[in-house]
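Everything below belongs to start.pdb, which stores PDB, C-alpha atoms.
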ATOM      1  CA  MET A   1    -234.724  75.557 -15.695
ATOM      2  CA  ASP A   2    -235.539  76.298 -12.050
ATOM      3  CA  THR A   3    -235.892  72.545 -11.525
ATOM      4  CA  LEU A   4    -232.533  71.845 -13.159
ATOM      5  CA  VAL A   5    -230.784  74.542 -11.127
ATOM      6  CA  GLU A   6    -232.319  73.139  -7.922
ATOM      7  CA  ARG A   7    -231.072  69.682  -8.910
ATOM      8  CA  ASP A   8    -227.528  70.958  -9.324
ATOM      9  CA  LEU A   9    -227.631  72.777  -5.982
ATOM     10  CA  ASP A  10    -228.825  69.551  -4.354
ATOM     11  CA  TYR A  11    -225.790  67.877  -5.878
ATOM     12  CA  ILE A  12    -223.421  70.565  -4.571
ATOM     13  CA  ILE A  13    -224.809  70.358  -1.035
ATOM     14  CA  THR A  14    -224.566  66.562  -1.047
ATOM     15  CA  ASN A  15    -221.049  66.647  -2.457
ATOM     16  CA  ILE A  16    -219.936  69.062   0.269
ATOM     17  CA  GLU A  17    -221.134  66.575   2.872
ATOM     18  CA  ASP A  18    -219.382  63.785   0.989
ATOM     19  CA  PHE A  19    -216.179  65.854   1.050
ATOM     20  CA  LYS A  20    -216.402  66.133   4.814
ATOM     21  CA  ASN A  21    -216.751  62.365   4.955
ATOM     22  CA  GLY A  22    -213.802  61.818   2.622
ATOM     23  CA  ALA A  23    -215.706  60.579  -0.439
ATOM     24  CA  ALA A  24    -216.527  63.578  -2.653
ATOM     25  CA  SER A  25    -216.813  63.632  -6.422
ATOM     26  CA  PRO A  26    -214.099  65.687  -8.183
ATOM     27  CA  ARG A  27    -216.869  67.503 -10.073
ATOM     28  CA  ARG A  28    -217.181  70.642  -7.969
ATOM     29  CA  GLY A  29    -218.108  73.105 -10.712
ATOM     30  CA  ILE A  30    -221.229  73.899 -12.724
ATOM     31  CA  ILE A  31    -220.804  75.723 -16.042
ATOM     32  CA  ALA A  32    -224.102  77.450 -16.850
ATOM     33  CA  TYR A  33    -224.040  78.981 -20.304
ATOM     34  CA  GLY A  34    -226.460  80.483 -22.783
ATOM     35  CA  PRO A  35    -227.325  83.658 -24.701
ATOM     36  CA  SER A  36    -227.999  86.859 -22.806
ATOM     37  CA  GLY A  37    -231.525  87.137 -21.470
ATOM     38  CA  THR A  38    -232.168  83.405 -21.077
ATOM     39  CA  GLY A  39    -232.436  83.669 -17.287
ATOM     40  CA  LYS A  40    -229.136  82.229 -16.078
ATOM     41  CA  THR A  41    -228.348  84.781 -13.387
ATOM     42  CA  THR A  42    -231.920  85.123 -12.143
ATOM     43  CA  ALA A  43    -232.503  81.372 -11.854
ATOM     44  CA  ILE A  44    -229.199  80.664 -10.101
ATOM     45  CA  ARG A  45    -229.296  83.580  -7.661
ATOM     46  CA  HIS A  46    -232.920  82.854  -6.776
ATOM     47  CA  ALA A  47    -232.137  79.193  -6.068
ATOM     48  CA  VAL A  48    -229.011  79.943  -4.012
ATOM     49  CA  ALA A  49    -230.889  82.524  -1.926
ATOM     50  CA  LYS A  50    -233.370  79.850  -0.830
ATOM     51  CA  ARG A  51    -230.709  77.481   0.516
ATOM     52  CA  SER A  52    -229.810  77.831   4.186
ATOM     53  CA  GLU A  53    -226.476  76.101   3.492
ATOM     54  CA  PHE A  54    -225.302  79.181   1.567
ATOM     55  CA  GLN A  55    -226.637  81.913   3.842
ATOM     56  CA  PRO A  56    -224.456  84.059   6.135
ATOM     57  CA  HIS A  57    -223.568  82.610   9.542
ATOM     58  CA  LEU A  58    -221.993  83.769  12.806
ATOM     59  CA  ASN A  59    -218.359  82.819  13.195
ATOM     60  CA  GLU A  60    -216.490  82.185  16.443
ATOM     61  CA  HIS A  61    -216.033  85.938  16.889
ATOM     62  CA  GLY A  62    -219.750  86.655  16.606
ATOM     63  CA  GLU A  63    -219.338  88.195  13.169
ATOM     64  CA  LEU A  64    -221.862  87.589  10.375
ATOM     65  CA  VAL A  65    -219.904  86.138   7.469
ATOM     66  CA  PRO A  66    -221.078  84.765   4.108
ATOM     67  CA  ARG A  67    -220.954  81.136   3.044
ATOM     68  CA  SER A  68    -221.289  82.075  -0.621
ATOM     69  CA  ILE A  69    -220.017  84.816  -2.910
ATOM     70  CA  TYR A  70    -221.718  86.148  -6.011
ATOM     71  CA  LEU A  71    -219.452  88.157  -8.291
ATOM     72  CA  LYS A  72    -220.456  89.676 -11.610
ATOM     73  CA  LEU A  73    -217.263  90.116 -13.571
ATOM     74  CA  SER A  74    -216.831  93.396 -15.419
ATOM     75  CA  SER A  75    -215.425  93.835 -18.908
ATOM     76  CA  GLN A  76    -212.114  94.787 -17.251
ATOM     77  CA  CYS A  77    -211.684  91.274 -15.830
ATOM     78  CA  SER A  78    -209.758  89.864 -18.754
ATOM     79  CA  SER A  79    -207.053  87.903 -16.919
ATOM     80  CA  ALA A  80    -206.608  85.538 -13.990
ATOM     81  CA  ILE A  81    -205.167  88.212 -11.710
ATOM     82  CA  ASP A  82    -208.142  90.474 -12.513
ATOM     83  CA  VAL A  83    -210.504  87.739 -11.307
ATOM     84  CA  ILE A  84    -208.428  87.152  -8.170
ATOM     85  CA  ARG A  85    -208.415  90.839  -7.318
ATOM     86  CA  ALA A  86    -212.143  91.139  -7.967
ATOM     87  CA  LEU A  87    -212.817  88.283  -5.528
ATOM     88  CA  LEU A  88    -210.533  89.819  -2.905
ATOM     89  CA  ARG A  89    -212.282  93.183  -3.287
ATOM     90  CA  GLU A  90    -215.616  91.422  -2.836
ATOM     91  CA  MET A  91    -214.269  90.218   0.528
ATOM     92  CA  ASN A  92    -213.016  93.733   1.383
ATOM     93  CA  LEU A  93    -209.387  92.614   1.285
ATOM     94  CA  PRO A  94    -206.259  94.342  -0.072
ATOM     95  CA  THR A  95    -205.347  93.626  -3.687
ATOM     96  CA  GLU A  96    -201.701  94.703  -3.782
ATOM     97  CA  GLY A  97    -199.183  92.043  -4.723
ATOM     98  CA  ASN A  98    -198.250  89.676  -7.527
ATOM     99  CA  LYS A  99    -200.431  86.870  -8.836
ATOM    100  CA  GLU A 100    -198.855  84.130  -6.711
ATOM    101  CA  GLU A 101    -199.235  86.114  -3.478
ATOM    102  CA  LEU A 102    -202.798  87.156  -4.173
ATOM    103  CA  GLU A 103    -203.889  83.684  -5.281
ATOM    104  CA  ARG A 104    -202.445  82.186  -2.101
ATOM    105  CA  GLU A 105    -204.272  84.794  -0.013
ATOM    106  CA  LEU A 106    -207.526  84.143  -1.861
ATOM    107  CA  LYS A 107    -207.339  80.424  -1.190
ATOM    108  CA  ASN A 108    -206.539  81.007   2.476
ATOM    109  CA  GLN A 109    -209.396  83.454   2.900
ATOM    110  CA  VAL A 110    -211.915  81.161   1.235
ATOM    111  CA  ARG A 111    -211.017  78.425   3.707
ATOM    112  CA  GLU A 112    -210.757  80.684   6.782
ATOM    113  CA  ARG A 113    -214.084  82.344   6.026
ATOM    114  CA  GLN A 114    -215.692  78.937   5.349
ATOM    115  CA  ILE A 115    -216.971  79.956   1.923
ATOM    116  CA  SER A 116    -218.632  76.955   0.321
ATOM    117  CA  LEU A 117    -219.801  78.414  -2.997
ATOM    118  CA  ILE A 118    -218.519  81.047  -5.403
ATOM    119  CA  HIS A 119    -220.702  82.095  -8.338
ATOM    120  CA  LEU A 120    -218.712  83.887 -11.044
ATOM    121  CA  ASP A 121    -221.148  85.528 -13.450
ATOM    122  CA  GLU A 122    -220.410  86.999 -16.911
ATOM    123  CA  LEU A 123    -217.334  84.779 -17.093
ATOM    124  CA  GLN A 124    -217.025  85.430 -20.830
ATOM    125  CA  HIS A 125    -215.145  88.622 -19.959
ATOM    126  CA  ALA A 126    -212.377  86.557 -18.399
ATOM    127  CA  VAL A 127    -212.111  84.021 -21.232
ATOM    128  CA  ARG A 128    -212.224  86.360 -24.219
ATOM    129  CA  SER A 129    -208.466  86.887 -24.370
ATOM    130  CA  ASN A 130    -206.854  86.545 -27.770
ATOM    131  CA  THR A 131    -203.762  84.951 -26.238
ATOM    132  CA  ALA A 132    -203.596  81.270 -25.401
ATOM    133  CA  LYS A 133    -201.433  82.025 -22.363
ATOM    134  CA  ALA A 134    -204.039  84.314 -20.765
ATOM    135  CA  PHE A 135    -206.841  81.840 -21.467
ATOM    136  CA  GLU A 136    -204.826  78.994 -19.965
ATOM    137  CA  ALA A 137    -204.124  81.114 -16.877
ATOM    138  CA  ILE A 138    -207.874  81.418 -16.257
ATOM    139  CA  GLN A 139    -208.273  77.677 -16.739
ATOM    140  CA  ASP A 140    -205.433  76.986 -14.306
ATOM    141  CA  LEU A 141    -206.932  79.275 -11.663
ATOM    142  CA  LEU A 142    -210.309  77.553 -11.886
ATOM    143  CA  LYS A 143    -208.726  74.103 -11.768
ATOM    144  CA  GLU A 144    -206.787  74.980  -8.624
ATOM    145  CA  MET A 145    -209.851  76.459  -6.934
ATOM    146  CA  LEU A 146    -211.877  73.327  -7.718
ATOM    147  CA  ASP A 147    -209.196  70.791  -6.827
ATOM    148  CA  ARG A 148    -208.377  71.597  -3.233
ATOM    149  CA  ASP A 149    -207.794  68.879  -0.693
ATOM    150  CA  ASP A 150    -208.090  71.239   2.277
ATOM    151  CA  TRP A 151    -211.495  72.786   1.576
ATOM    152  CA  HIS A 152    -214.764  71.875  -0.107
ATOM    153  CA  LEU A 153    -215.227  74.955  -2.317
ATOM    154  CA  HIS A 154    -217.692  74.529  -5.188
ATOM    155  CA  MET A 155    -218.179  77.017  -8.021
ATOM    156  CA  ILE A 156    -220.894  78.046 -10.448
ATOM    157  CA  LEU A 157    -219.501  79.621 -13.605
ATOM    158  CA  SER A 158    -222.082  81.367 -15.768
ATOM    159  CA  GLY A 159    -221.924  83.410 -18.941
ATOM    160  CA  MET A 160    -222.274  83.475 -22.697
ATOM    161  CA  PRO A 161    -222.007  80.232 -24.710
ATOM    162  CA  ARG A 162    -218.289  80.519 -25.369
ATOM    163  CA  ILE A 163    -217.408  79.818 -21.719
ATOM    164  CA  HIS A 164    -218.208  76.193 -22.565
ATOM    165  CA  ASN A 165    -214.871  76.185 -24.421
ATOM    166  CA  MET A 166    -213.114  75.937 -21.076
ATOM    167  CA  ARG A 167    -214.139  72.292 -20.909
ATOM    168  CA  ALA A 168    -211.797  71.560 -23.800
ATOM    169  CA  ASP A 169    -209.257  71.262 -20.996
ATOM    170  CA  GLY A 170    -209.536  67.680 -19.762
ATOM    171  CA  GLN A 171    -209.020  68.595 -16.113
ATOM    172  CA  ILE A 172    -211.799  71.179 -16.152
ATOM    173  CA  HIS A 173    -213.994  68.718 -18.040
ATOM    174  CA  ARG A 174    -213.704  66.123 -15.261
ATOM    175  CA  ARG A 175    -214.294  68.738 -12.564
ATOM    176  CA  THR A 176    -217.476  70.287 -13.974
ATOM    177  CA  PHE A 177    -221.016  69.621 -15.117
ATOM    178  CA  VAL A 178    -222.792  71.729 -17.717
ATOM    179  CA  LEU A 179    -226.123  73.515 -17.428
ATOM    180  CA  PRO A 180    -227.091  75.000 -20.814
ATOM    181  CA  PHE A 181    -229.780  77.678 -20.996
ATOM    182  CA  HIS A 182    -231.500  77.742 -24.382
ATOM    183  CA  CYS A 183    -233.720  80.240 -26.141
ATOM    184  CA  MET A 184    -237.382  79.314 -26.354
ATOM    185  CA  ASP A 185    -238.803  77.833 -29.523
ATOM    186  CA  PRO A 186    -241.988  79.592 -30.744
ATOM    187  CA  GLU A 187    -243.794  76.334 -31.470
ATOM    188  CA  ALA A 188    -242.509  74.011 -28.758
ATOM    189  CA  ASP A 189    -242.741  76.663 -26.023
ATOM    190  CA  ASP A 190    -245.964  78.331 -27.123
ATOM    191  CA  LYS A 191    -247.726  77.681 -23.814
ATOM    192  CA  TRP A 192    -244.839  79.212 -21.865
ATOM    193  CA  VAL A 193    -244.896  82.363 -23.994
ATOM    194  CA  GLY A 194    -248.628  82.628 -23.317
ATOM    195  CA  LYS A 195    -248.119  82.071 -19.607
ATOM    196  CA  LEU A 196    -245.408  84.719 -19.514
ATOM    197  CA  LEU A 197    -247.705  87.203 -21.235
ATOM    198  CA  VAL A 198    -250.461  86.603 -18.689
ATOM    199  CA  GLU A 199    -248.169  86.629 -15.657
ATOM    200  CA  THR A 200    -246.484  89.877 -16.669
ATOM    201  CA  ALA A 201    -249.258  91.942 -18.262
ATOM    202  CA  VAL A 202    -252.339  90.676 -16.457
ATOM    203  CA  ASN A 203    -251.228  89.462 -13.028
ATOM    204  CA  PHE A 204    -248.433  91.981 -12.515
ATOM    205  CA  CYS A 205    -249.631  95.056 -14.406
ATOM    206  CA  GLY A 206    -253.388  94.559 -13.965
ATOM    207  CA  LEU A 207    -254.193  94.777 -17.669
ATOM    208  CA  THR A 208    -256.652  92.877 -19.833
ATOM    209  CA  LEU A 209    -255.369  91.273 -23.028
ATOM    210  CA  ASP A 210    -256.963  92.303 -26.288
ATOM    211  CA  ASN A 211    -258.310  89.340 -28.264
ATOM    212  CA  GLU A 212    -255.640  89.855 -30.916
ATOM    213  CA  LEU A 213    -252.999  88.953 -28.302
ATOM    214  CA  LEU A 214    -254.594  85.577 -27.607
ATOM    215  CA  THR A 215    -253.750  84.029 -30.985
ATOM    216  CA  PRO A 216    -250.931  81.546 -31.644
ATOM    217  CA  GLU A 217    -249.595  83.861 -34.364
ATOM    218  CA  PHE A 218    -249.168  86.758 -31.939
ATOM    219  CA  ARG A 219    -247.359  84.536 -29.444
ATOM    220  CA  GLU A 220    -245.048  83.398 -32.249
ATOM    221  CA  ARG A 221    -244.312  86.994 -33.211
ATOM    222  CA  LEU A 222    -243.691  87.836 -29.555
ATOM    223  CA  CYS A 223    -241.276  84.963 -29.051
ATOM    224  CA  LEU A 224    -239.347  85.734 -32.236
ATOM    225  CA  SER A 225    -239.137  89.439 -31.400
ATOM    226  CA  MET A 226    -236.696  88.740 -28.553
ATOM    227  CA  ASN A 227    -235.079  85.664 -30.102
ATOM    228  CA  GLY A 228    -236.813  83.497 -27.506
ATOM    229  CA  ALA A 229    -234.790  84.915 -24.599
ATOM    230  CA  TRP A 230    -236.926  84.563 -21.464
ATOM    231  CA  GLY A 231    -235.521  87.535 -19.573
ATOM    232  CA  LYS A 232    -235.674  89.796 -22.617
ATOM    233  CA  LEU A 233    -239.306  88.807 -23.160
ATOM    234  CA  ILE A 234    -240.185  89.777 -19.602
ATOM    235  CA  GLU A 235    -238.601  93.204 -20.089
ATOM    236  CA  PHE A 236    -240.280  93.632 -23.463
ATOM    237  CA  ILE A 237    -243.768  92.697 -22.205
ATOM    238  CA  GLN A 238    -243.251  95.023 -19.251
ATOM    239  CA  GLY A 239    -242.298  97.836 -21.629
ATOM    240  CA  ALA A 240    -245.443  97.343 -23.719
ATOM    241  CA  SER A 241    -247.572  97.083 -20.575
ATOM    242  CA  PHE A 242    -246.109 100.236 -19.038
ATOM    243  CA  ARG A 243    -246.879 102.019 -22.296
ATOM    244  CA  ALA A 244    -250.561 101.111 -21.961
ATOM    245  CA  VAL A 245    -250.640 102.095 -18.285
ATOM    246  CA  ALA A 246    -248.975 105.435 -19.061
ATOM    247  CA  HIS A 247    -251.835 106.180 -21.472
ATOM    248  CA  ASN A 248    -254.431 105.271 -18.815
ATOM    249  CA  ARG A 249    -255.620 102.227 -20.758
ATOM    250  CA  LYS A 250    -256.788  98.994 -19.161
ATOM    251  CA  VAL A 251    -256.479  96.838 -22.282
ATOM    252  CA  LEU A 252    -253.085  95.812 -23.685
ATOM    253  CA  LYS A 253    -253.106  95.846 -27.480
ATOM    254  CA  LYS A 254    -250.919  94.781 -30.359
ATOM    255  CA  THR A 255    -250.096  98.426 -31.078
ATOM    256  CA  ASP A 256    -248.357  98.620 -27.680
ATOM    257  CA  PHE A 257    -245.992  95.850 -28.778
ATOM    258  CA  THR A 258    -245.592  97.370 -32.235
ATOM    259  CA  ARG A 259    -244.482 100.694 -30.832
ATOM    260  CA  GLU A 260    -242.306  99.108 -28.134
ATOM    261  CA  PHE A 261    -240.528  97.011 -30.754
ATOM    262  CA  GLU A 262    -240.009 100.142 -32.846
ATOM    263  CA  ARG A 263    -238.521 101.885 -29.816
ATOM    264  CA  VAL A 264    -236.038  99.157 -28.906
ATOM    265  CA  SER A 265    -235.072  98.176 -32.447
ATOM    266  CA  GLY A 266    -235.294 101.323 -34.538
ATOM    267  CA  PHE A 267    -236.719  99.204 -37.368
ATOM    268  CA  SER A 268    -239.184 100.578 -39.915
ATOM    269  CA  ASP A 269    -242.745  99.282 -40.175
ATOM    270  CA  ASP A 270    -241.681  96.988 -43.026
ATOM    271  CA  GLU A 271    -239.216  95.309 -40.655
ATOM    272  CA  ASN A 272    -241.406  95.432 -37.570
ATOM    273  CA  ILE A 273    -242.051  91.849 -36.545
ATOM    274  CA  PHE A 274    -245.507  92.755 -35.232
ATOM    275  CA  LEU A 275    -246.586  94.333 -38.534
ATOM    276  CA  ALA A 276    -244.811  92.507 -41.352
ATOM    277  CA  LYS A 277    -246.660  89.712 -43.138
ATOM    278  CA  ASN A 278    -243.400  87.854 -43.696
ATOM    279  CA  PHE A 279    -242.364  88.226 -40.052
ATOM    280  CA  ARG A 280    -240.714  84.783 -39.986
ATOM    281  CA  ASP A 281    -238.241  85.969 -42.641
ATOM    282  CA  ILE A 282    -237.097  89.097 -40.806
ATOM    283  CA  ASP A 283    -233.399  88.961 -39.961
ATOM    284  CA  LEU A 284    -232.858  90.119 -36.381
ATOM    285  CA  SER A 285    -229.130  89.372 -36.379
ATOM    286  CA  ASP A 286    -228.277  93.088 -36.556
ATOM    287  CA  LEU A 287    -230.577  93.782 -33.634
ATOM    288  CA  ARG A 288    -228.857  91.254 -31.362
ATOM    289  CA  PHE A 289    -230.477  92.390 -28.096
ATOM    290  CA  GLY A 290    -227.339  91.319 -26.301
ATOM    291  CA  MET A 291    -227.632  87.761 -27.574
ATOM    292  CA  GLU A 292    -223.878  87.812 -28.171
ATOM    293  CA  ASP A 293    -221.264  89.709 -26.253
TER     294      ASP A 293
END
Rewrite the coordinates I just gave you, this time as structure tokens.
Amino acid sequence: MDTLVERDLDYIITNIEDFKNGAASPRRGIIAYGPSGTGKTTAIRHAVAKRSEFQPHLNEHGELVPRSIYLKLSSQCSSAIDVIRALLREMNLPTEGNKEELERELKNQVRERQISLIHLDELQHAVRSNTAKAFEAIQDLLKEMLDRDDWHLHMILSGMPRIHNMRADGQIHRRTFVLPFHCMDPEADDKWVGKLLVETAVNFCGLTLDNELLTPEFRERLCLSMNGAWGKLIEFIQGASFRAVAHNRKVLKKTDFTREFERVSGFSDDENIFLAKNFRDIDLSDLRFGMED
């Protein structure tokens, strides 16, 4: 996924230059979607931080100003004006006024401050409205931000899978690409689960893996325990590793994962994915782990 994110940032940077030369593609948005814990935010923020094109710069007044904005939307951002105000607050600007006034000010400030990229994270909060009018207002705002003739703003929109529904609007469809983040498959991604276990427990926490943790079956149980969500797996392996360290042990064992799963799930031993013989049949839908919002 890091490679795919880098590819899309390469595209954005090239398209900005094409805009300056009068020949840009209308696709100025990336919609990155997937279940919670699949690494969307981490991958995107890490990639953006490495690009000099999006780092702060000195303006004509000698002030250090950003070229990009990252904004994690809260659960209170459920309408277009909420998003506008959140962006203005991020720029330390007043938020009093009606939607038309604030939207005009936002557009002016983006251009005046030479902001090239806005990353709106957790966008599902803004598109969860039960009213078609509110949903369409969000779509309209994004279309107008991505369809400016006077500035080359690009946007990354990330969140839960349902944000993909925005592309049902034909104008948003032709102005965006998609970047889906999927959960790992226990069989197809077995080597990655094993690598993650080593990187987190051995290289980071300084532990040795018990032989029982080196089997394909354990890696399958581990992957299934967090529904294949990369970020959740990192946190879970860390939790098990910290448990071993707290007990002054140098070897990470299956019991550390068993107890950590019990702690985060509240499941009985019969439902514990690291103990049950029929672990592939255990229904984790009630557990969720933030897989849906």
Problem set entry | Explicit residues for the PyMOL selection byres ((chain A and resi 180) around 8) (as a list in words) | Ile31, Ala32, Tyr33, Gly34, Val178, Leu179, Phe181 and His182 of chain A
Just-selected residues, C-alpha atoms written as a short mmCIF file (atom, residue, chain, number, x, y, z; two decimals), keeping the file's coordinate frame:
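Final output, result-v5.cif:
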data_model
loop_
_atom_site.label_atom_id
_atom_site.label_comp_id
_atom_site.auth_asym_id
_atom_site.auth_seq_id
_atom_site.Cartn_x
_atom_site.Cartn_y
_atom_site.Cartn_z
CA ILE A 31 -220.80 75.72 -16.04
CA ALA A 32 -224.10 77.45 -16.85
CA TYR A 33 -224.04 78.98 -20.30
CA GLY A 34 -226.46 80.48 -22.78
CA VAL A 178 -222.79 71.73 -17.72
CA LEU A 179 -226.12 73.52 -17.43
CA PHE A 181 -229.78 77.68 -21.00
CA HIS A 182 -231.50 77.74 -24.38
#
For this session: Taking the file above as input, evaluate the PyMOL selection byres ((chain A and resi 1-3) around 10) and report the hits as a ChimeraX atom specification.
Result: /A:4-9,38-40,42-44,46-47,179-182
Take the residues that were just selected and, keeping C-alpha atoms, output them as a PDB file, in the coordinates of the input.
ATOM      1  CA  LEU A   4    -232.533  71.845 -13.159  1.00  0.00           C
ATOM      2  CA  VAL A   5    -230.784  74.542 -11.127  1.00  0.00           C
ATOM      3  CA  GLU A   6    -232.319  73.139  -7.922  1.00  0.00           C
ATOM      4  CA  ARG A   7    -231.072  69.682  -8.910  1.00  0.00           C
ATOM      5  CA  ASP A   8    -227.528  70.958  -9.324  1.00  0.00           C
ATOM      6  CA  LEU A   9    -227.631  72.777  -5.982  1.00  0.00           C
ATOM      7  CA  THR A  38    -232.168  83.405 -21.077  1.00  0.00           C
ATOM      8  CA  GLY A  39    -232.436  83.669 -17.287  1.00  0.00           C
ATOM      9  CA  LYS A  40    -229.136  82.229 -16.078  1.00  0.00           C
ATOM     10  CA  THR A  42    -231.920  85.123 -12.143  1.00  0.00           C
ATOM     11  CA  ALA A  43    -232.503  81.372 -11.854  1.00  0.00           C
ATOM     12  CA  ILE A  44    -229.199  80.664 -10.101  1.00  0.00           C
ATOM     13  CA  HIS A  46    -232.920  82.854  -6.776  1.00  0.00           C
ATOM     14  CA  ALA A  47    -232.137  79.193  -6.068  1.00  0.00           C
ATOM     15  CA  LEU A 179    -226.123  73.515 -17.428  1.00  0.00           C
ATOM     16  CA  PRO A 180    -227.091  75.000 -20.814  1.00  0.00           C
ATOM     17  CA  PHE A 181    -229.780  77.678 -20.996  1.00  0.00           C
ATOM     18  CA  HIS A 182    -231.500  77.742 -24.382  1.00  0.00           C
TER      19      HIS A 182
END
For this session: Compare A:Tyr70, A:His125, A:Asp149, A:Arg51 by their minimum atom-to-atom distance to Lys20 (chain A), counting all atoms listed in the file, and give me the closest one.
Result: A:Asp149
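For the choices A:Arg111, A:His119, A:Arg249, A:Arg148, the atom-to-atom distance to Glu90 (chain A) is smallest for A:His119 when using only C-alpha atoms.
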Exercise. Looking at all atoms listed in the file, which of A:Arg259, A:Lys253, A:Arg174, A:Lys99 is the one that sits closest to Leu197 (chain A)?
Worked result: A:Lys253
For this session: Could you give me, as a list in words, the residues that have an atom at most 8 Å away from the point (-217.7, 73.5, -13.3) in the coordinates of the file, using only C-alpha atoms?
Result: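 Residues close enough to count: Arg27, Arg28, Gly29, Ile30, Ile31, Met155, Ile156, Leu157, Ile172, His173, Arg175, Thr176, Phe177 and Val178 of chain A.
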Problem set entry | Picked residues, the PyMOL selection byres ((chain A and resi 279) around 12), as a ChimeraX atom specification | /A:217-218,220-225,269-278,280-284
Create the file for the chosen residues now, containing C-alpha atoms and written as a PDB file, in the coordinates of the input.
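Final file, part.pdb:
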ATOM      1  CA  GLU A 217    -249.595  83.861 -34.364  1.00  0.00           C
ATOM      2  CA  PHE A 218    -249.168  86.758 -31.939  1.00  0.00           C
ATOM      3  CA  GLU A 220    -245.048  83.398 -32.249  1.00  0.00           C
ATOM      4  CA  ARG A 221    -244.312  86.994 -33.211  1.00  0.00           C
ATOM      5  CA  LEU A 222    -243.691  87.836 -29.555  1.00  0.00           C
ATOM      6  CA  CYS A 223    -241.276  84.963 -29.051  1.00  0.00           C
ATOM      7  CA  LEU A 224    -239.347  85.734 -32.236  1.00  0.00           C
ATOM      8  CA  SER A 225    -239.137  89.439 -31.400  1.00  0.00           C
ATOM      9  CA  ASP A 269    -242.745  99.282 -40.175  1.00  0.00           C
ATOM     10  CA  ASP A 270    -241.681  96.988 -43.026  1.00  0.00           C
ATOM     11  CA  GLU A 271    -239.216  95.309 -40.655  1.00  0.00           C
ATOM     12  CA  ASN A 272    -241.406  95.432 -37.570  1.00  0.00           C
ATOM     13  CA  ILE A 273    -242.051  91.849 -36.545  1.00  0.00           C
ATOM     14  CA  PHE A 274    -245.507  92.755 -35.232  1.00  0.00           C
ATOM     15  CA  LEU A 275    -246.586  94.333 -38.534  1.00  0.00           C
ATOM     16  CA  ALA A 276    -244.811  92.507 -41.352  1.00  0.00           C
ATOM     17  CA  LYS A 277    -246.660  89.712 -43.138  1.00  0.00           C
ATOM     18  CA  ASN A 278    -243.400  87.854 -43.696  1.00  0.00           C
ATOM     19  CA  ARG A 280    -240.714  84.783 -39.986  1.00  0.00           C
ATOM     20  CA  ASP A 281    -238.241  85.969 -42.641  1.00  0.00           C
ATOM     21  CA  ILE A 282    -237.097  89.097 -40.806  1.00  0.00           C
ATOM     22  CA  ASP A 283    -233.399  88.961 -39.961  1.00  0.00           C
ATOM     23  CA  LEU A 284    -232.858  90.119 -36.381  1.00  0.00           C
TER      24      LEU A 284
END
Exercise. Please, what distance in Å, to one decimal, runs between CA of Glu96 (chain A) and CA of Phe135 (chain A)?
Worked result: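 Taking CA of Glu96 (chain A) and CA of Phe135 (chain A), their separation equals 22.5 Å.
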Box in all listed atoms of region 159-164 of chain A, axis-aligned, with 8 Å more on each side; write out centre and edge lengths in Å to one decimal as lines of an AutoDock Vina configuration file.
center_x = -219.8
center_y = 79.8
center_z = -22.2
size_x = 20.9
size_y = 23.3
size_z = 22.4
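Residues within 8 Å of region 200-212 of chain A, counting only C-alpha atoms and excluding same-chain residues fewer than 4 positions away, are Leu196, Phe218, Ile234, Ile237, Gln238, Ser241, Phe242, Lys250, Val251, Leu252, Lys253 and Lys254 of chain A.
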Problem set entry | Shell of 9 Å around Gln109 (chain A), only C-alpha atoms, local chain residues under 6 positions omitted, as a PyMOL selection string | chain A and resi 88+91+115
For this session: Find the residues around Ser78 (chain A) up to 10 Å (only C-alpha atoms counted), leave out those fewer than 4 positions away in its own chain, and share them as a list in words.
Result: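 Answer for this query is Leu73, Ser74, Asp82, Val83, Leu123, Gln124, His125, Ala126, Val127, Arg128, Ser129, Ala134, Phe135 and Ile138 of chain A.
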Using only C-alpha atoms, find each residue of region 115-175 of chain A with at least one atom at most 12 Å away from an atom of region 60-66 of chain A; report its shortest atom-to-atom pair and that distance in Å (one decimal), sort the rows by chain and rising residue number, and return the result as JSON lines.
{"residue": "A:Ile115", "atom": "CA", "partner": "A:Pro66", "partner_atom": "CA", "distance": 6.7}
{"residue": "A:Ser116", "atom": "CA", "partner": "A:Pro66", "partner_atom": "CA", "distance": 9.0}
{"residue": "A:Leu117", "atom": "CA", "partner": "A:Pro66", "partner_atom": "CA", "distance": 9.6}
{"residue": "A:Ile118", "atom": "CA", "partner": "A:Pro66", "partner_atom": "CA", "distance": 10.5}
For this session: Mind giving me the straight-line distance from CA of Arg263 (chain A) to CA of Glu187 (chain A) in Å, one decimal?
Result: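 A separation of 26.1 Å between them.
Distances here use only C-alpha atoms; by that measure, the residue among A:Glu100, A:Asp121, A:Glu260, A:Glu112 closest to Leu71 (chain A) is A:Asp121.
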Exercise. CA of Lys72 (chain A) to CA of Leu120 (chain A): how many Å, to one decimal?
Worked result: 6.1 Å
Is there a way to complete region 98-102 of chain A with N, CA and C atoms and then write that out as a CSV table (one decimal), keeping the file's coordinate frame?
chain,number,residue,atom,x,y,z
A,98,ASN,N,-198.3,90.4,-6.2
A,98,ASN,CA,-198.2,89.7,-7.5
A,98,ASN,C,-199.3,88.5,-7.5
A,99,LYS,N,-199.4,87.9,-8.7
A,99,LYS,CA,-200.4,86.9,-8.8
A,99,LYS,C,-200.3,85.7,-7.8
A,100,GLU,N,-199.1,85.3,-7.6
A,100,GLU,CA,-198.9,84.1,-6.7
A,100,GLU,C,-199.3,84.5,-5.3
A,101,GLU,N,-198.9,85.7,-4.8
A,101,GLU,CA,-199.2,86.1,-3.5
A,101,GLU,C,-200.7,86.3,-3.3
A,102,LEU,N,-201.4,86.9,-4.3
A,102,LEU,CA,-202.8,87.2,-4.2
A,102,LEU,C,-203.6,85.9,-4.3
